[in-house]
>>> print(open('coords_0.csv').read())   # CSV, C-alpha atoms
chain,number,residue,atom,x,y,z
A,19,MET,CA,165.7,-163.3,0.5
A,20,THR,CA,163.2,-162.1,3.1
A,21,SER,CA,163.1,-160.9,6.7
A,22,GLU,CA,161.3,-164.2,7.6
A,23,THR,CA,164.1,-166.5,6.3
A,24,ALA,CA,167.0,-164.3,7.2
A,25,ILE,CA,170.0,-165.0,9.5
A,26,TYR,CA,170.0,-162.3,12.1
A,27,PHE,CA,173.3,-161.6,13.8
A,28,ASP,CA,174.4,-159.4,16.7
A,29,TYR,CA,177.7,-158.9,18.6
A,30,GLU,CA,178.2,-158.3,22.3
A,31,GLY,CA,181.4,-156.7,23.6
A,32,ARG,CA,182.8,-153.7,25.4
A,33,PRO,CA,183.4,-150.4,23.6
A,34,HIS,CA,186.9,-150.3,22.1
A,35,HIS,CA,187.5,-154.0,22.8
A,36,GLU,CA,187.3,-157.1,20.6
A,37,PRO,CA,183.8,-158.8,20.6
A,38,VAL,CA,183.1,-161.6,23.0
A,39,LEU,CA,179.9,-163.1,21.6
A,40,LEU,CA,178.4,-163.3,18.1
A,41,GLY,CA,174.8,-164.4,18.4
A,42,THR,CA,172.6,-165.6,15.5
A,43,LEU,CA,168.9,-166.2,15.1
A,44,VAL,CA,167.5,-168.3,12.3
A,45,GLY,CA,163.8,-168.9,12.6
A,46,ASP,CA,163.4,-169.6,16.3
A,47,MET,CA,166.9,-171.2,16.6
A,48,TYR,CA,169.4,-169.1,18.6
A,49,TYR,CA,173.1,-169.9,18.8
A,50,GLY,CA,175.7,-167.9,20.6
A,51,ALA,CA,179.3,-168.2,19.2
A,52,ILE,CA,181.8,-167.3,21.8
A,53,VAL,CA,184.5,-165.7,19.7
A,54,ASP,CA,186.9,-164.5,22.5
A,55,GLU,CA,189.2,-167.3,23.5
A,56,ARG,CA,189.3,-166.0,27.1
A,57,TYR,CA,185.6,-167.0,27.4
A,58,TRP,CA,185.7,-170.4,25.7
A,59,ASP,CA,185.2,-172.3,28.9
A,60,PHE,CA,181.8,-170.5,29.2
A,61,ALA,CA,180.5,-172.5,26.2
A,62,GLY,CA,177.4,-174.6,26.8
A,63,ARG,CA,176.9,-173.5,30.4
A,64,TRP,CA,173.5,-173.7,32.1
A,65,GLY,CA,171.3,-170.7,31.4
A,66,ALA,CA,173.4,-169.6,28.4
A,67,ARG,CA,172.7,-172.3,25.8
A,68,PRO,CA,173.1,-173.1,23.0
A,69,SER,CA,176.6,-171.7,22.8
A,70,GLY,CA,180.0,-172.8,21.6
A,71,ALA,CA,183.6,-171.8,21.5
A,72,GLU,CA,184.4,-170.6,18.0
A,73,SER,CA,187.1,-169.0,15.9
A,74,HIS,CA,185.7,-165.6,15.0
A,75,ARG,CA,187.0,-165.8,11.5
A,76,ASP,CA,185.9,-169.3,10.8
A,77,PHE,CA,182.4,-168.8,12.3
A,78,ALA,CA,181.9,-165.5,10.4
A,79,CYS,CA,182.9,-167.3,7.2
A,80,ARG,CA,180.5,-170.2,7.8
A,81,LEU,CA,177.7,-167.7,8.5
A,82,VAL,CA,178.2,-165.9,5.2
A,83,MET,CA,178.5,-169.1,3.2
A,84,ARG,CA,175.3,-170.4,4.8
A,85,ALA,CA,173.6,-167.2,3.6
A,86,GLN,CA,174.9,-167.8,0.1
A,87,GLU,CA,174.1,-171.5,0.0
A,88,GLU,CA,170.6,-171.1,1.5
A,89,ASN,CA,169.8,-167.8,-0.2
A,90,ARG,CA,169.2,-166.0,3.1
A,91,ALA,CA,169.6,-162.3,4.0
A,92,LEU,CA,172.2,-161.5,6.7
A,93,ILE,CA,170.5,-158.9,9.0
A,94,SER,CA,171.9,-156.9,11.9
A,95,TRP,CA,170.5,-153.9,13.7
A,96,SER,CA,173.2,-151.4,12.5
A,97,GLU,CA,176.4,-151.2,10.6
A,98,HIS,CA,178.4,-151.6,13.8
A,99,ASP,CA,177.9,-155.4,13.5
A,100,LEU,CA,178.8,-155.2,9.8
A,101,ARG,CA,182.1,-153.5,10.7
A,102,GLN,CA,182.8,-156.3,13.2
A,103,ILE,CA,182.2,-159.1,10.8
A,104,ARG,CA,184.1,-157.4,8.0
A,105,SER,CA,187.1,-157.1,10.4
A,106,ALA,CA,186.9,-160.8,11.1
A,107,LEU,CA,186.9,-161.6,7.4
A,108,ALA,CA,189.6,-159.1,6.4
A,109,GLY,CA,191.6,-160.4,3.4
A,110,ASN,CA,189.0,-163.0,2.3
A,111,ARG,CA,187.7,-161.0,-0.7
A,112,ARG,CA,185.3,-163.7,-2.0
A,113,VAL,CA,183.5,-164.0,1.3
A,114,LEU,CA,183.5,-160.2,1.8
A,115,ARG,CA,181.8,-159.8,-1.6
A,116,LEU,CA,179.2,-162.4,-0.5
A,117,LEU,CA,178.7,-160.5,2.7
A,118,GLU,CA,177.9,-157.3,0.9
A,119,LYS,CA,175.5,-159.2,-1.4
A,120,HIS,CA,173.5,-160.6,1.5
A,121,TYR,CA,173.7,-157.9,4.1
A,122,VAL,CA,170.7,-155.8,5.2
A,123,ASP,CA,170.9,-153.0,7.8
A,124,ALA,CA,167.7,-153.2,9.8
A,125,LEU,CA,168.2,-149.7,11.3
A,126,ALA,CA,168.3,-148.1,7.9
A,127,LEU,CA,164.8,-149.5,7.1
A,128,ALA,CA,163.5,-148.7,10.6
A,129,ARG,CA,164.7,-145.1,10.4
A,130,ARG,CA,162.9,-144.6,7.1
A,131,TRP,CA,159.7,-145.8,8.7
A,132,GLY,CA,160.3,-143.8,11.9
A,133,ARG,CA,160.6,-140.5,10.0
A,134,ARG,CA,157.0,-140.9,8.8
A,135,GLN,CA,155.5,-141.5,12.3
A,136,ASP,CA,153.7,-138.7,14.2
A,137,PRO,CA,155.6,-137.7,16.1
A,138,SER,CA,158.6,-138.9,14.1
A,139,ILE,CA,161.4,-140.9,15.7
A,140,HIS,CA,164.6,-139.0,16.0
A,141,ARG,CA,168.0,-139.7,17.6
A,142,PRO,CA,169.0,-141.7,19.4
A,143,HIS,CA,168.1,-144.4,16.9
A,144,THR,CA,168.6,-147.3,19.4
A,145,LEU,CA,167.1,-150.7,19.0
A,146,ALA,CA,165.5,-150.3,22.4
A,147,ARG,CA,163.7,-147.2,21.2
A,148,TYR,CA,162.3,-148.9,18.1
A,149,ALA,CA,161.4,-152.0,20.1
A,150,THR,CA,159.3,-149.9,22.4
A,151,ALA,CA,157.7,-148.1,19.5
A,152,THR,CA,156.7,-151.4,17.9
A,153,SER,CA,155.6,-153.0,21.3
A,154,TYR,CA,158.4,-155.4,21.9
A,155,ARG,CA,159.2,-155.6,25.6
A,156,VAL,CA,162.7,-156.3,26.9
A,157,PRO,CA,162.9,-157.2,30.6
A,158,PRO,CA,164.8,-154.4,32.3
A,159,GLN,CA,167.5,-156.8,33.6
A,160,PHE,CA,168.4,-157.7,30.0
A,161,GLY,CA,168.0,-154.2,28.6
A,162,GLU,CA,170.3,-151.3,27.6
A,163,GLY,CA,173.5,-150.8,29.5
A,164,THR,CA,173.7,-154.3,31.0
A,165,VAL,CA,176.4,-155.8,28.7
A,166,GLY,CA,179.3,-153.4,29.3
A,167,THR,CA,179.0,-153.6,33.0
A,168,ASN,CA,178.8,-157.3,33.2
A,169,LEU,CA,181.6,-157.9,30.7
A,170,ALA,CA,183.8,-155.5,32.6
A,171,GLN,CA,183.2,-157.5,35.7
A,172,LEU,CA,184.0,-160.7,33.9
A,173,ASP,CA,187.1,-159.3,32.2
A,174,ARG,CA,188.6,-158.4,35.6
A,175,ARG,CA,187.8,-161.9,36.9
A,176,LEU,CA,189.3,-163.6,33.9
A,177,LYS,CA,192.7,-162.1,34.7
A,178,GLN,CA,192.7,-164.5,37.7
A,179,THR,CA,191.0,-167.6,36.2
A,180,ALA,CA,189.7,-168.8,32.8
A,181,ARG,CA,187.7,-171.6,34.4
A,182,TYR,CA,183.9,-171.1,34.6
A,183,ALA,CA,183.6,-173.5,37.5
A,184,GLU,CA,185.7,-171.1,39.6
A,185,LEU,CA,183.4,-168.1,39.1
A,186,GLU,CA,181.2,-166.8,41.9
A,187,PRO,CA,177.4,-167.3,41.4
A,188,ALA,CA,177.0,-163.6,40.7
A,189,GLU,CA,179.7,-163.8,38.0
A,190,ARG,CA,178.0,-166.7,36.4
A,191,GLY,CA,174.8,-164.7,36.5
A,192,ALA,CA,176.6,-161.8,34.8
A,193,TRP,CA,177.4,-164.1,31.8
A,194,ARG,CA,173.8,-165.4,31.6
A,195,ILE,CA,172.7,-161.7,31.4
A,196,VAL,CA,175.0,-161.1,28.5
A,197,VAL,CA,173.7,-164.1,26.6
A,198,LYS,CA,170.0,-163.3,27.3
A,199,HIS,CA,170.5,-159.7,26.3
A,200,ASN,CA,172.0,-161.0,23.0
A,201,LYS,CA,168.9,-163.2,22.5
A,202,HIS,CA,166.6,-160.2,23.1
A,203,ASP,CA,168.5,-158.0,20.8
A,204,LEU,CA,168.1,-160.5,18.0
A,205,ARG,CA,164.4,-161.1,18.6
A,206,ALA,CA,163.8,-157.4,18.9
A,207,SER,CA,165.6,-156.7,15.6
A,208,ARG,CA,163.5,-159.3,13.9
A,209,HIS,CA,160.3,-158.0,15.5
A,210,VAL,CA,161.0,-154.4,14.5
A,211,LEU,CA,161.9,-155.4,10.9
A,212,ARG,CA,158.7,-157.5,10.6
A,213,PHE,CA,156.6,-154.7,11.9
A,214,VAL,CA,158.2,-152.2,9.6
A,215,CYS,CA,157.9,-154.5,6.6
A,216,ARG,CA,154.2,-155.1,7.3
A,217,ALA,CA,153.6,-151.3,7.7
A,218,GLU,CA,155.4,-150.5,4.5
A,219,ALA,CA,153.5,-153.2,2.6
A,220,GLY,CA,150.1,-152.1,4.0
>>> encode(input="coords_0.csv", output="structure tokens")
Amino acid sequence: MTSETAIYFDYEGRPHHEPVLLGTLVGDMYYGAIVDERYWDFAGRWGARPSGAESHRDFACRLVMRAQEENRALISWSEHDLRQIRSALAGNRRVLRLLEKHYVDALALARRWGRRQDPSIHRPHTLARYATATSYRVPPQFGEGTVGTNLAQLDRRLKQTARYAELEPAERGAWRIVVKHNKHDLRASRHVLRFVCRAEAG
């Protein structure tokens, strides 16, 4: 299991709410699993592909089983994502054991590298900070602080309609920003981990 063959995963949602999107990156293939039923009509829409409507528990289980069957690491930026996927798999002891076997916390590895830099990297240990330190650029419109605002706007709208076709253009744009932010989070996590692994090996 290496960082090159890994399954990278990343959740998007609002603080203190259930997750909306579980994105994955394997090689250069991105997939966004929409795990909040309120958003299922958003699946496969222009500018936010590929995405699909998924049961959180079922998709999380398939993800872990794929890691086991293909001998891949499951990597997220921090243990926040690990807590989310554990919650989805609650009660499935076999799959939870496999999750622990395959899981890698990219932040833990990055922090170890960051402590040895001059100057060293201290809190906050955000993905954006490490991405900048390793020369990965995220366009500002998809950067930090964009997901919560856009999902809050969409959550309010979904109290009136669950149909994507009835959204205003700006609201559809808000969803595209959430998905593109997720893609950048995954690519940035992979970039940082690759950078750190090369630095540690050299």
>>> closest_residue(input="coords_0.csv", among="A:Asp136, A:Glu55, A:Asp28, A:Glu184", to="Leu43 in chain A", atoms="all atoms listed in the file")
A:Asp28
>>> atom_distance(input="coords_0.csv", atom1="CA of Gly109 in chain A", atom2="CA of Ala85 in chain A")
19.2 Å
>>> residues_around(input="coords_0.csv", residues="range 139-144 of chain A", least_positions_apart="2", cutoff="10 Å", atoms="all atoms listed in the file", output="list in words")
Trp95, Ser96, Leu125, Ala126, Ala128, Arg129, Arg130, Trp131, Gly132, Arg133, Arg134, Gln135, Asp136, Pro137, Ala146, Arg147, Tyr148, Ala149, Ala151 and Glu162 of chain A
>>> atom_distance(input="coords_0.csv", atom1="CA of Leu176 in chain A", atom2="CA of His98 in chain A")
25.8 Å
>>> closest_atom_pairs(input="coords_0.csv", of="range 67-134 of chain A", to="range 22-25 of chain A", cutoff="7 Å", atoms="all atoms listed in the file", output="CSV")
residue,atom,partner,partner_atom,distance
A:Arg90,CA,A:Ala24,CA,5.0
A:Ala91,CA,A:Ala24,CA,4.6
A:Leu92,CA,A:Ile25,CA,5.0
A:Ile93,CA,A:Ile25,CA,6.1
>>> residues_around(input="coords_0.csv", residues="Val113 in chain A", least_positions_apart="6", cutoff="8 Å", atoms="all atoms listed in the file", output="JSON list (two decimals) with C-alpha atoms, keeping the file's coordinate frame")
[["chain", "number", "residue", "atom", "x", "y", "z"],
["A", 79, "CYS", "CA", 182.90, -167.30, 7.20],
["A", 82, "VAL", "CA", 178.20, -165.90, 5.20],
["A", 83, "MET", "CA", 178.50, -169.10, 3.20],
["A", 107, "LEU", "CA", 186.90, -161.60, 7.40]]
>>> atom_distance(input="coords_0.csv", atom1="CA of Thr167 in chain A", atom2="CA of Arg205 in chain A")
21.8 Å
>>> residues_around(input="coords_0.csv", residues="Arg212 in chain A", least_positions_apart="5", cutoff="9 Å", atoms="all atoms listed in the file", output="PyMOL selection string")
chain A and resi 21-22+207+217
>>> residues_around(input="coords_0.csv", residues="range 103-106 of chain A", least_positions_apart="6", cutoff="7 Å", atoms="all atoms listed in the file", output="ChimeraX atom specification")
/A:74-75,78,114
>>> closest_residue(input="coords_0.csv", among="A:Ser73, A:Ser138, A:Gln102, A:Asn200", to="Asp54 in chain A", atoms="all atoms listed in the file")
A:Ser73
>>> closest_residue(input="coords_0.csv", among="A:Tyr154, A:Glu72, A:Gly191, A:Val214", to="Arg56 in chain A", atoms="all atoms listed in the file")
A:Glu72
>>> closest_residue(input="coords_0.csv", among="A:Leu116, A:Leu204, A:Leu100, A:Cys215", to="Met47 in chain A", atoms="only C-alpha atoms")
A:Leu204
>>> closest_residue(input="coords_0.csv", among="A:Arg194, A:Pro187, A:Arg101, A:Phe213", to="Ser69 in chain A", atoms="only C-alpha atoms")
A:Arg194
>>> residues_around(input="coords_0.csv", residues="Trp64 in chain A", least_positions_apart="3", cutoff="12 Å", atoms="all atoms listed in the file", output="list in words")
Phe60, Ala61, Arg67, Pro68, Ser69, Tyr182, Ala183, Pro187, Arg190, Gly191, Trp193, Arg194, Val197 and Lys198 of chain A
